[in-house]
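Worksheet: the structure to be examined is printed underneath.
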Amino acid sequence: MSAADLAYNFAYIDEQTKRMIRRAILKAIAIPGYQVPFASREMPMPYGWGTGGIQVTAAILGPQDVLKVIDQGADDTTNAVSIRKFFAKTAGVRTTTHTNEATIIQTRHRVPEQPLQDGQILVYQVPIPEPLRWLEPRETETRRMHALAEYGVMHVKLYEDIARHGHIATSYAYPVQVENRYVMDPSPTPKFDNPKMNDCAALQLFGAGREKRIYAVPPHTKVTSLDFDDHPFEPTRFDAPCALCGSRAGFLDEIITDDRGSRMFVCSDTDFCDTNRRAARA
Amino acid sequence: MYVAVKGGERAIENAHALLAQARRGDPDVPELSLDQIAEQLKLGVDRVMNEGSLYDRSLAALAIKQARGDFIEAIFLLRAFRTTLPRFGSSEPLDTSKMDIRRRISATFKDLPGGQVLGPTFDYTHRLLDPSLMQPQAVAAAPRAPAPETPTPRVTDLLGAEDLVENSPPDDDKTTADLTRDPLTFPAERPLRLQNLARADEGFLLSLAYSTQRGYGRTHPFAGEIRFGEVEVEFFAEDVGFAVPLGRIEFTECQTINQFKGTASEPPRFTRGYGLSFGQCERKALSMALVDRALRARELEEEVNAPAQDEEFVLSHSDNVQATGFVEHLKLPHHVDFQAELGLVRRLRADFAATTKPKREAAE
């Protein structure tokens with residue numbers, strides 16, 4: 001085998017594999033929140049760096065699509081740059097940083113601030129798809145628990161938080177329940193983003209490459225954050241507005257600006273922040 | 001400041017340029033050729049082919065060169081290439097009893113049909129650094145014995161004739177599950193477990209095998225046989241209607257013989273552990289055989305209480321490409337989740353201060 005023989009298909013993955021992934025995606029959409037096992041392939045990026053999201057994106061990507069890739073909400077973080085370049089190179093699709101222009105948005109750890117539209121697809125990169133993993137490490141057990149909708153341990157865990165701290169001390173990867181059935185890990189997005197998953201107009205697909213699971217939330221599906229009547233879910237709030245665009249609507253990153261404790265808070269969603277600033281200038 | 005903390009496209013390109021330069025090292029030192037790697041670092045190439053699950057010496061040598069000698073990185077490169085290859089089908093089962101033996105030892109019999117053939121081995125060498133290797137030197141041809149006229153039967157076949165060791169499971173014509181085409185599910189049958197172990201990290205298997213010897217899931221192993229040599233690979237071609245040879249490749253096969261007390265329906269007899277690897281990877285094949293046997297505890301109605309006997313634990317964590325990816329992904333930015341945690345810890349600290357302060361005041 002010589003180097004000249006090394007040629008790759010549109011979006012890297014061969015068509016047989018794409019069909020297999022699409023079947024898993026269709027099943028996932030049919031059973032919202034259920035983790036569908038799929039024969040995840042090795043990707044040319046490491047496991048844990050978005051191989052699940054990349055496979056899902058590769059399987060649904062067409063030549064007409066416009067792709068946006070974010071990591072921590074930003075288009076210019078290293079891994080987002082790397083994945084965007086990968087699809088620009090292997091599929092030749094148009095890429096964008098604008099949330100409203102994209103047909104497919106691949107994300108790690110954030111949901112864009114701008115509400116998503118009908119026809120858009122949000123692809124999440126998921127490290128650990130199993131919300132019950134930290135309570136029960138065995139997959140043979142957790143699959144049974146999901147099958148029987150036996151989610152008592154999760155409520156006990158949340159209750160113990162309240163007993164100890166007076167509130168639920170989970171700030172990200174906050175578990176949700178989909179259409180009153182499957183408890184789902186929202187991928188480690190901050191709980192700030194949980195409300196955006198509910199009744200979302202876009203299709204939300206979740207890919208976990210190393211763990212070989214795909215799950216989905218179809219458009220306009222009910223996604224509720226687990227809580228109690230007397231301790232309802234509280235989304236994260238920030239005390240200050242974004243130091244760059246002045247918005248109070250977005251999730252803020254804390255930037256340490258010197259070694260004397262100075263800091264500023266700025267939007268994690270770079271497209272949202274840029275758009276706000278452009279609108280203010282106009 | 002805000003821009004400076006974000007990684008840019010140019011920064012990535014520059015880092016890769018720096019990597020290319022670091023890979024080459026001092027340009028006054030001659031560049032490594034793939035032949036040099038394939039010939040003189042053969043055991044490294046063997047390991048990369050095994051865990052990369054692709055038998056191609058030149059691509060494995062290329063991967064090692066590109067990875068600057070980092071084997072796990074090289075394995076990853078090979079896997080990422082392998083996954084894009086079309087699949088024509090499965091080969092016919094290998095007949096390792098027809099192996100062209102380069103090395104064959106048994107620890108269970110002093111002598112046996114086919115004999116003990118030491119072959120190229122580090123065993124019995126004194127591990128003294130050899131200063132003569134600091135300079136290139138000619139190597140005298142090693143003496144060679146003629147190839148044996150008679151075949152070299154496997155030790156387990158010799159014992160099997162007396163029913164002292166369990167038989168190989170019958171070939172039931174069932175299609176074997178394929179780890180690279182189906183997600184791993186539990187409980188996993190033995191063929192699937194062996195596939196997983198065959199591409200598993202050598203170090204991980206070595207430590208697990210070692211743990212069984214030290215008492216964590218003890219299985220009393222004997223190295224029944226280790227053999228290394230070339231075996232012909234055949235493929236059943238639908239078009240012509242018979243199996244055609246594809247070529248000869250190097251394998252190391254290891255069969256351990258382990259004690260077994262028997263059950264209500266089975267008389268006492270020896271059981272087996274099985275290890276198979278590309279090239280000459282004896283440590284890997286032997287470790288694999290020990291772990292294979294340990295993982296059969298459930299099937300053989302033995303007590304399951306050690307890590308090496310726990311198939312979910314072993315099979316879920318054996319793959320070094322998965323493991324290194326997930327461990328190293330911690331280098332990716334996590335500042336969004338960290339920000340959420342930062343807010344939470346500040347709030348918990350404020351709650352803590354608010355609840356402990358009045359008590360202190362009350363005590364004063």
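If you're wondering about the labels, chains in the structure tokens are A, B, ... by order shown, residues count from 1 in each chain, ligands from 1 in order shown.
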TODO: Compute the chain A side of the contact with chain B at 7 Å, counting only C-alpha atoms, and hand it back as a ChimeraX atom specification.
DONE: /A:13-14,37-44,46-49,72,76-78,81,140,171-172,189-190,210,212,253-254,257
Next, the residues of the selection above should be written as an mmCIF file, in the first residue's frame with C-alpha atoms.
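Heads up, here's the output in again.cif:
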```
data_model
loop_
_atom_site.group_PDB
_atom_site.id
_atom_site.type_symbol
_atom_site.label_atom_id
_atom_site.label_comp_id
_atom_site.auth_asym_id
_atom_site.auth_seq_id
_atom_site.Cartn_x
_atom_site.Cartn_y
_atom_site.Cartn_z
ATOM 1 C CA ILE A 13 -16.626 8.001 6.319
ATOM 2 C CA ASP A 14 -17.605 5.372 3.737
ATOM 3 C CA PRO A 37 -25.863 1.395 20.475
ATOM 4 C CA PHE A 38 -24.068 1.888 17.167
ATOM 5 C CA ALA A 39 -20.882 0.493 15.647
ATOM 6 C CA SER A 40 -18.764 3.554 16.201
ATOM 7 C CA ARG A 41 -15.674 3.707 14.000
ATOM 8 C CA GLU A 42 -12.214 4.968 14.650
ATOM 9 C CA MET A 43 -11.910 8.552 13.528
ATOM 10 C CA PRO A 44 -8.723 10.422 12.729
ATOM 11 C CA PRO A 46 -8.857 10.976 19.355
ATOM 12 C CA TYR A 47 -11.733 9.496 21.331
ATOM 13 C CA GLY A 48 -13.006 12.091 23.759
ATOM 14 C CA TRP A 49 -12.349 14.869 21.261
ATOM 15 C CA GLN A 72 -17.316 26.064 24.817
ATOM 16 C CA ASP A 76 -12.357 29.940 17.498
ATOM 17 C CA THR A 77 -11.420 27.419 20.198
ATOM 18 C CA THR A 78 -8.745 24.991 19.012
ATOM 19 C CA VAL A 81 -11.184 25.049 14.455
ATOM 20 C CA THR A 140 -25.748 -4.302 32.245
ATOM 21 C CA SER A 171 -24.003 22.838 37.845
ATOM 22 C CA TYR A 172 -23.405 21.009 34.576
ATOM 23 C CA THR A 189 -23.474 21.451 29.036
ATOM 24 C CA PRO A 190 -23.865 23.850 31.945
ATOM 25 C CA ARG A 210 -15.974 5.953 22.453
ATOM 26 C CA LYS A 212 -20.766 3.824 20.931
ATOM 27 C CA ASP A 253 -16.833 33.033 30.752
ATOM 28 C CA GLU A 254 -14.658 34.470 33.481
ATOM 29 C CA THR A 257 -6.930 39.748 33.286
#
```
Open item on the list: Run DSSP on the backbone and tell me which residues of segment 81-219 of chain A come out as strand (DSSP E or B); list them as a PyMOL selection string.
Closed with: chain A and resi 94-95+104-108+121-125+172+176-178+182-184+190+203-208+213-217
Residue selection dump (C-alpha atoms) as a JSON list (two decimals), in the first residue's frame:
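Saved result, result-v7.json, follows:
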```
[["chain", "number", "residue", "atom", "x", "y", "z"],
["A", 94, "ARG", "CA", -19.45, 25.84, 3.34],
["A", 95, "THR", "CA", -18.72, 26.72, 6.94],
["A", 104, "ILE", "CA", -25.86, 21.86, 11.07],
["A", 105, "ILE", "CA", -24.15, 23.03, 14.25],
["A", 106, "GLN", "CA", -21.75, 20.67, 15.97],
["A", 107, "THR", "CA", -21.15, 21.62, 19.56],
["A", 108, "ARG", "CA", -19.19, 20.69, 22.61],
["A", 121, "ILE", "CA", -29.74, 20.31, 13.51],
["A", 122, "LEU", "CA", -27.65, 20.61, 16.66],
["A", 123, "VAL", "CA", -25.10, 17.80, 17.03],
["A", 124, "TYR", "CA", -23.67, 17.37, 20.52],
["A", 125, "GLN", "CA", -20.34, 15.71, 21.28],
["A", 172, "TYR", "CA", -23.40, 21.01, 34.58],
["A", 176, "VAL", "CA", -33.04, 15.74, 32.22],
["A", 177, "GLN", "CA", -36.05, 13.58, 31.43],
["A", 178, "VAL", "CA", -37.32, 13.40, 27.86],
["A", 182, "TYR", "CA", -35.96, 8.38, 29.50],
["A", 183, "VAL", "CA", -33.57, 10.15, 31.82],
["A", 184, "MET", "CA", -30.86, 11.61, 29.61],
["A", 190, "PRO", "CA", -23.87, 23.85, 31.95],
["A", 203, "LEU", "CA", -33.47, 18.46, 15.90],
["A", 204, "GLN", "CA", -30.93, 17.64, 18.62],
["A", 205, "LEU", "CA", -28.63, 14.68, 18.01],
["A", 206, "PHE", "CA", -26.13, 13.36, 20.53],
["A", 207, "GLY", "CA", -23.13, 11.24, 19.50],
["A", 208, "ALA", "CA", -20.81, 9.37, 21.89],
["A", 213, "ARG", "CA", -24.13, 5.44, 21.62],
["A", 214, "ILE", "CA", -26.39, 7.85, 19.73],
["A", 215, "TYR", "CA", -29.47, 9.52, 21.19],
["A", 216, "ALA", "CA", -31.81, 12.24, 20.05],
["A", 217, "VAL", "CA", -34.38, 14.82, 21.01]]
```
Open item on the list: With distances taken over only C-alpha atoms, which residue among A:Thr236, A:Thr142, A:Ser187, A:Asn9 lies nearest Thr90 of chain A?
Closed with: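 The shortest atom-to-atom distance to Thr90 of chain A comes from A:Asn9.
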Task: Those in segment 24-264 of chain A with helix (DSSP H, G or I) from DSSP, as an MDAnalysis selection string - done: chainID A and resid 24:30 51:60 78:90 99:101 139:147 152:165 191:197
Task: Long-range neighbours of segment 47-51 of chain B as a PyMOL selection string, 9 Å cut-off, only C-alpha atoms, 3 positions minimum in chain - done: chain B and resi 42-44+54-57+59-61+63-64+71-72+74-76+78-79+198-202+277-281+284+319-321
Those same residues, written as a PDB file, in the first residue's frame with C-alpha atoms?
```pdb
ATOM      1  CA  LYS B  42      10.632  -5.106  14.272  1.00  0.00           C
ATOM      2  CA  LEU B  43       9.095  -5.861  17.634  1.00  0.00           C
ATOM      3  CA  GLY B  44       7.821  -2.293  17.859  1.00  0.00           C
ATOM      4  CA  LEU B  54      -3.762  -4.112  10.678  1.00  0.00           C
ATOM      5  CA  TYR B  55      -1.064  -6.374   9.285  1.00  0.00           C
ATOM      6  CA  ASP B  56       0.985  -4.034   7.134  1.00  0.00           C
ATOM      7  CA  ARG B  57       4.649  -3.651   8.012  1.00  0.00           C
ATOM      8  CA  LEU B  59       2.300   1.349   7.107  1.00  0.00           C
ATOM      9  CA  ALA B  60       3.129   0.431  10.712  1.00  0.00           C
ATOM     10  CA  ALA B  61       6.698   1.646  10.151  1.00  0.00           C
ATOM     11  CA  ALA B  63       3.051   5.306  11.663  1.00  0.00           C
ATOM     12  CA  ILE B  64       5.987   4.854  14.057  1.00  0.00           C
ATOM     13  CA  PHE B  71       3.588   3.627  19.963  1.00  0.00           C
ATOM     14  CA  ILE B  72       0.091   4.500  21.138  1.00  0.00           C
ATOM     15  CA  ALA B  74       1.269   5.120  15.967  1.00  0.00           C
ATOM     16  CA  ILE B  75      -1.431   2.555  16.825  1.00  0.00           C
ATOM     17  CA  PHE B  76      -4.009   5.321  16.642  1.00  0.00           C
ATOM     18  CA  LEU B  78      -3.011   2.847  11.923  1.00  0.00           C
ATOM     19  CA  ARG B  79      -6.514   2.338  13.359  1.00  0.00           C
ATOM     20  CA  ALA B 198      -6.219  -9.196  20.596  1.00  0.00           C
ATOM     21  CA  ARG B 199      -6.249  -5.421  20.058  1.00  0.00           C
ATOM     22  CA  ALA B 200      -5.965  -4.583  23.760  1.00  0.00           C
ATOM     23  CA  ASP B 201      -3.098  -2.597  25.193  1.00  0.00           C
ATOM     24  CA  GLU B 202      -0.160  -4.869  25.974  1.00  0.00           C
ATOM     25  CA  SER B 277      -0.910 -11.987  18.119  1.00  0.00           C
ATOM     26  CA  PHE B 278       0.581 -10.757  14.863  1.00  0.00           C
ATOM     27  CA  GLY B 279       4.366 -11.007  14.581  1.00  0.00           C
ATOM     28  CA  GLN B 280       6.465 -11.927  17.576  1.00  0.00           C
ATOM     29  CA  CYS B 281       4.588 -10.529  20.557  1.00  0.00           C
ATOM     30  CA  LYS B 284       1.145  -9.986  24.688  1.00  0.00           C
ATOM     31  CA  ASP B 319      -8.369  -0.333  24.278  1.00  0.00           C
ATOM     32  CA  ASN B 320      -5.527   2.147  24.466  1.00  0.00           C
ATOM     33  CA  VAL B 321      -6.801   4.287  21.587  1.00  0.00           C
TER      34      VAL B 321
END
```
Task: Ala280 of chain A surroundings by only C-alpha atoms, 10 Å radius, close-in-sequence under 5 positions cut, as JSON, numbers by chain - done: {"A": [245, 246, 274, 275]}
Any chance you could export the current selection's N, CA and C atoms as a PDB file, in the first residue's frame?
```
ATOM      1  N   CYS A 245     -20.375  43.065  25.240  1.00  0.00           N
ATOM      2  CA  CYS A 245     -21.593  43.438  24.512  1.00  0.00           C
ATOM      3  C   CYS A 245     -22.704  43.924  25.434  1.00  0.00           C
ATOM      4  N   GLY A 246     -22.542  43.740  26.740  1.00  0.00           N
ATOM      5  CA  GLY A 246     -23.528  44.251  27.688  1.00  0.00           C
ATOM      6  C   GLY A 246     -24.759  43.377  27.850  1.00  0.00           C
ATOM      7  N   ASP A 274     -20.634  38.867  19.198  1.00  0.00           N
ATOM      8  CA  ASP A 274     -20.306  39.685  18.011  1.00  0.00           C
ATOM      9  C   ASP A 274     -21.563  40.330  17.432  1.00  0.00           C
ATOM     10  N   THR A 275     -22.622  39.525  17.328  1.00  0.00           N
ATOM     11  CA  THR A 275     -23.872  40.043  16.760  1.00  0.00           C
ATOM     12  C   THR A 275     -24.411  41.192  17.613  1.00  0.00           C
TER      13      THR A 275
END
```
- [ ] Could you please determine the separation between atom CA of Arg102 of chain B and atom CA of Met288 of chain B in Å, to one decimal place?
- [x]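 Computing it gives 20.7 Å between the two atoms.
Note that the spacing between atom CA of Lys18 of chain A and atom CA of Ala59 of chain A amounts to 4.7 Å.
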Open item on the list: Just the number, please: distance in Å from atom CA of Gly160 of chain B to atom CA of Pro221 of chain B, one decimal.
Closed with: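 Value for the atom CA of Gly160 of chain B-atom CA of Pro221 of chain B distance: 16.9 Å.
Within 10 Å of segment 103-120 of chain B there are Arg144, Ala145, Pro148, Glu149, Thr150, Pro151, Thr152, Pro153, Arg154, Val155, Leu158, Phe222, Ala223, Gly224, Glu225, Ile226, Arg227, Phe228, Gly229, Thr252, Glu253, Cys254, Gln255, Thr256, Ile257 and Gln280 of chain B, counting only C-alpha atoms and ignoring same-chain residues fewer than 6 positions away.
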